[in-house]
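**Student:** Okay, here's the structure, questions in a sec.
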Number of protein chains: 2
Amino acid sequence: MSASPTYGELTNQGASTNIAWHQASVDRAARAEQRGHRSAILWFTGLSGSGKSTLANAVNAALFQRGLATYVLDGDNVRHGLCKDLGFSDADREENIRRIGEVAKLFLDSGVIVLTAFVSPFRADRDKARALVDDGDFIEIHCAADLEVCESRDPKGLYAKARAGQIKEFTGISSPYEAPQAAELKIDTGSQELAESVDLVIKALQERGVIPAA
Amino acid sequence: MSASPTYGELTNQGASTNIAWHQASVDRAARAEQRGHRSAILWFTGLSGSGKSTLANAVNAALFQRGLATYVLDGDNVRHGLCKDLGFSDADREENIRRIGEVAKLFLDSGVIVLTAFVSPFRADRDKARALVDDGDFIEIHCAADLEVCESRDPKGLYAKARAGQIKEFTGISSPYEAPQAAELKIDTGSQELAESVDLVIKALQERGVIPAA
């Protein structure tokens, strides 16, 4: 007989033993120990044009340069893939954020610092994503640029279309943005330099013990 | 003026420049170089009780011990989260596998070797997941235990319920399992020892250049 377990032995011992053997060596804590940092969800929220994706990707690059495991979820890799069946109705927007929260939780479990960059305008939807994980694992970052600044940037031309009535229920114009009341971090991405904003996020991660001090 | 880009500069330069700056330093190739291994999707398919999850988790542990970035997607972390809105109708099963394929693609993009362990009985659904990624990124592993062996293990008591008519459309009993015709790897998980099966998968990853030789 072999010293290592076989399929039959595992399954005959019942599900609990089976699961214990599966997971004993590779849980979140084991990954954190091997990698030298905890995982976390950095949930960037703010108006279109507020700089969520720019900031998330810049933080991502800064963390990667330190050798940390990271990933950015944003419209580019989610809307045309996992959520391509969803439109922009209230129900679909809610389901979109629900799935993003669930996928972020999987990345969290895998030991990755995952950065999500979506408008996510509704407080209830963000709070549901937060409720999926433990306290301290969800770090909400409010990209708080004024509407005027966002509209003047209008990188995708969406505000112009919304003003022209070509986009219905556009956040900030014809649909509300519910700003966070107690975000872990609020950054004025309208006036602050990008590099300074990145530093603020990095410092927050160090203070919370997610990543080691420099 | 700062030498580093600001939100305004980035967005004023247009979307293409913006995206280039975002992603230049942290694409899949950069992660592979930093980590010393490529990413891949290891798609385990087979009957209930064939040992998919057992083998996937054992491979995961073996890769983790080598310091590689890995993650397992299985019923435990997907069915009660991302796919908790789905039942077992044909449409829901198809959507379940579609979402798993899309999430696996995100992990692949993040530089992780992701192992999926689902019955995934229909060839068309597996082929759709394969088609989401480039050639060589999708490694299908057929856990080919005989039905008799799987039913004799019956770790969750599902076969007994299916035989008693308490579960409708149970794969192998009342719903077909479409075995892969050209899986990258076929393992007799009914008779082969677990440790040997793990070695076969590791060797396949080495031969394909996903992970370095031992």
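Convention: chains lettered A, B, ... in structure tokens order; per-chain residue numbering from 1; ligands numbered from 1 as shown.
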Env of region 46-60 of chain B: 9 Å cut, atoms = only C-alpha atoms, seq-sep filter 3 positions within chain, self excluded. Answer as a PyMOL selection string.

**Tutor:** (chain A and resi 7-8+10-11+18-19+21-23+26) or (chain B and resi 42+63-65+70-72+74-75+113-121+141-147+149-156+158-159+171-172+177+179+188-190+194-195+197-199+201-202)

**Student:** Contacts of Ile139 (chain B) at 12 Å or less, counting only C-alpha atoms, minus same-chain residues fewer than 5 places along, as an MDAnalysis selection string?

**Tutor:** chainID B and resid 39:45 104 108 113:116 126:127 129:131 133:134 180 182:186 201:202 204:205 208 210

**Student:** Using only C-alpha atoms, which of A:Glu148, A:Lys168, A:Ser110, A:Ser174 sits nearest Asp27 (chain A)?

**Tutor:**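 Between A:Glu148, A:Lys168, A:Ser110, A:Ser174, the residue approaching Asp27 (chain A) most closely is A:Ser110.
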
**Student:** Pull the alpha helix (DSSP H) assignments for region 22-168 of chain A out of DSSP run on the backbone, and list those residues as number ranges by chain.

**Tutor:** A: 22-23, 28-35, 52-65, 75-78, 90-109, 123-131, 147-153, 158-163

**Student:** What does the structure give for the distance between CA of Arg79 (chain B) and CA of Arg38 (chain B), in Å to one decimal?

**Tutor:**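 These atoms are spaced 27.6 Å apart.
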
**Student:** Taking only region 6-190 of chain B into account, list the residues labelled strand (DSSP E or B) by DSSP (computed from the backbone), as a list in words.

**Tutor:**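 Across region 6-190 of chain B, those assigned strand (DSSP E or B) are Ala40, Ile41, Leu42, Trp43, Phe44, Thr45, Thr70, Tyr71, Val72, Leu73, Asp74, Ile113, Val114, Leu115, Thr116, Ala117, Phe138, Ile139, Glu140, Ile141, His142, Cys143, Thr171, Ser175, Leu185, Lys186 and Ile187 of chain B.
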
**Student:** Would you mind exporting N, CA and C atoms of the selected residues as a JSON list (two decimals), in the first residue's frame?

**Tutor:**
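The result, stored in selection33.json:
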```json
[["chain", "number", "residue", "atom", "x", "y", "z"],
["B", 40, "ALA", "N", -2.11, 28.99, -17.10],
["B", 40, "ALA", "CA", -2.86, 28.05, -17.94],
["B", 40, "ALA", "C", -4.18, 27.74, -17.24],
["B", 41, "ILE", "N", -5.11, 27.23, -18.03],
["B", 41, "ILE", "CA", -6.35, 26.69, -17.46],
["B", 41, "ILE", "C", -6.28, 25.18, -17.53],
["B", 42, "LEU", "N", -6.36, 24.52, -16.38],
["B", 42, "LEU", "CA", -6.44, 23.06, -16.34],
["B", 42, "LEU", "C", -7.91, 22.71, -16.10],
["B", 43, "TRP", "N", -8.55, 22.23, -17.14],
["B", 43, "TRP", "CA", -9.99, 21.99, -17.08],
["B", 43, "TRP", "C", -10.24, 20.50, -16.83],
["B", 44, "PHE", "N", -10.54, 20.15, -15.59],
["B", 44, "PHE", "CA", -10.83, 18.76, -15.24],
["B", 44, "PHE", "C", -12.30, 18.46, -15.53],
["B", 45, "THR", "N", -12.55, 17.38, -16.25],
["B", 45, "THR", "CA", -13.93, 16.99, -16.54],
["B", 45, "THR", "C", -14.09, 15.50, -16.30],
["B", 70, "THR", "N", -1.39, 29.50, -8.14],
["B", 70, "THR", "CA", -2.44, 28.56, -8.57],
["B", 70, "THR", "C", -3.75, 28.88, -7.86],
["B", 71, "TYR", "N", -4.85, 28.33, -8.41],
["B", 71, "TYR", "CA", -6.13, 28.43, -7.72],
["B", 71, "TYR", "C", -7.08, 27.38, -8.28],
["B", 72, "VAL", "N", -7.92, 26.83, -7.40],
["B", 72, "VAL", "CA", -8.92, 25.84, -7.81],
["B", 72, "VAL", "C", -10.31, 26.46, -7.79],
["B", 73, "LEU", "N", -11.01, 26.35, -8.90],
["B", 73, "LEU", "CA", -12.44, 26.69, -8.95],
["B", 73, "LEU", "C", -13.22, 25.38, -8.94],
["B", 74, "ASP", "N", -14.11, 25.23, -7.96],
["B", 74, "ASP", "CA", -14.95, 24.04, -7.95],
["B", 74, "ASP", "C", -16.31, 24.39, -7.35],
["B", 113, "ILE", "N", -2.13, 29.74, -12.62],
["B", 113, "ILE", "CA", -2.55, 28.44, -13.14],
["B", 113, "ILE", "C", -3.85, 28.08, -12.44],
["B", 114, "VAL", "N", -4.96, 28.11, -13.19],
["B", 114, "VAL", "CA", -6.27, 27.91, -12.57],
["B", 114, "VAL", "C", -6.78, 26.53, -12.93],
["B", 115, "LEU", "N", -7.26, 25.80, -11.93],
["B", 115, "LEU", "CA", -7.73, 24.43, -12.11],
["B", 115, "LEU", "C", -9.24, 24.43, -11.87],
["B", 116, "THR", "N", -10.02, 24.03, -12.88],
["B", 116, "THR", "CA", -11.46, 23.97, -12.72],
["B", 116, "THR", "C", -11.90, 22.52, -12.60],
["B", 117, "ALA", "N", -12.76, 22.24, -11.62],
["B", 117, "ALA", "CA", -13.19, 20.86, -11.36],
["B", 117, "ALA", "C", -14.71, 20.81, -11.34],
["B", 138, "PHE", "N", -5.46, 26.21, -22.75],
["B", 138, "PHE", "CA", -6.56, 25.40, -22.21],
["B", 138, "PHE", "C", -6.14, 23.94, -22.26],
["B", 139, "ILE", "N", -5.99, 23.33, -21.11],
["B", 139, "ILE", "CA", -5.53, 21.95, -21.03],
["B", 139, "ILE", "C", -6.65, 21.13, -20.41],
["B", 140, "GLU", "N", -7.29, 20.33, -21.26],
["B", 140, "GLU", "CA", -8.45, 19.55, -20.81],
["B", 140, "GLU", "C", -7.96, 18.22, -20.24],
["B", 141, "ILE", "N", -8.40, 17.91, -19.05],
["B", 141, "ILE", "CA", -7.95, 16.70, -18.37],
["B", 141, "ILE", "C", -9.17, 15.83, -18.06],
["B", 142, "HIS", "N", -9.26, 14.73, -18.78],
["B", 142, "HIS", "CA", -10.41, 13.85, -18.64],
["B", 142, "HIS", "C", -10.16, 12.86, -17.49],
["B", 143, "CYS", "N", -10.94, 13.00, -16.44],
["B", 143, "CYS", "CA", -10.87, 12.06, -15.32],
["B", 143, "CYS", "C", -11.78, 10.90, -15.66],
["B", 171, "THR", "N", -25.97, 13.14, -14.37],
["B", 171, "THR", "CA", -25.01, 12.73, -15.39],
["B", 171, "THR", "C", -24.54, 11.29, -15.17],
["B", 175, "SER", "N", -28.71, 11.40, -17.64],
["B", 175, "SER", "CA", -28.29, 12.49, -18.52],
["B", 175, "SER", "C", -26.91, 12.10, -19.04],
["B", 185, "LEU", "N", -5.11, 15.40, -21.87],
["B", 185, "LEU", "CA", -4.68, 14.37, -20.93],
["B", 185, "LEU", "C", -5.90, 13.55, -20.52],
["B", 186, "LYS", "N", -5.73, 12.23, -20.53],
["B", 186, "LYS", "CA", -6.80, 11.35, -20.06],
["B", 186, "LYS", "C", -6.22, 10.47, -18.98],
["B", 187, "ILE", "N", -6.81, 10.50, -17.82],
["B", 187, "ILE", "CA", -6.26, 9.75, -16.69],
["B", 187, "ILE", "C", -7.32, 8.81, -16.15]]
```

**Student:** Quick check, in Å to one decimal: how far apart do CA of Leu82 (chain B) and CA of Val103 (chain A) lie?

**Tutor:**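 Separation of CA of Leu82 (chain B) and CA of Val103 (chain A): 6.8 Å.
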
**Student:** Name the residues in contact with Phe88 (chain A) at a cut-off of 10 Å, using only C-alpha atoms, excluding same-chain residues fewer than 4 positions from it; report them as a ChimeraX atom specification.

**Tutor:** /A:92-96,168-170

**Student:** With only C-alpha atoms as the basis for distance, which of A:Ile100, A:Ala124, A:Ala91, A:Leu86 is at the shortest distance from chain B?

**Tutor:**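 Between A:Ile100, A:Ala124, A:Ala91, A:Leu86, the residue approaching chain B most closely is A:Ile100.
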
**Student:** Work out how far CA of Gly101 (chain A) is from CA of Asp125 (chain A), in Å to one decimal.

**Tutor:**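 Going from CA of Asp125 (chain A) over to CA of Gly101 (chain A), I get 9.2 Å.
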
**Student:** Which residue gives the smallest distance to chain B among A:Asn77, A:Gln181, A:Gln206, A:Ser89, with only C-alpha atoms counted?

**Tutor:**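 Answer, going by the shortest atom-to-atom distance: A:Asn77.
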
**Student:** Check the smallest atom-to-atom distance from each of A:Asp135, A:Asp90, A:Glu33, A:Glu196 to Phe122 (chain A) using only C-alpha atoms, then report the winner.

**Tutor:**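 For Phe122 (chain A), the nearest of the given residues is A:Asp90.
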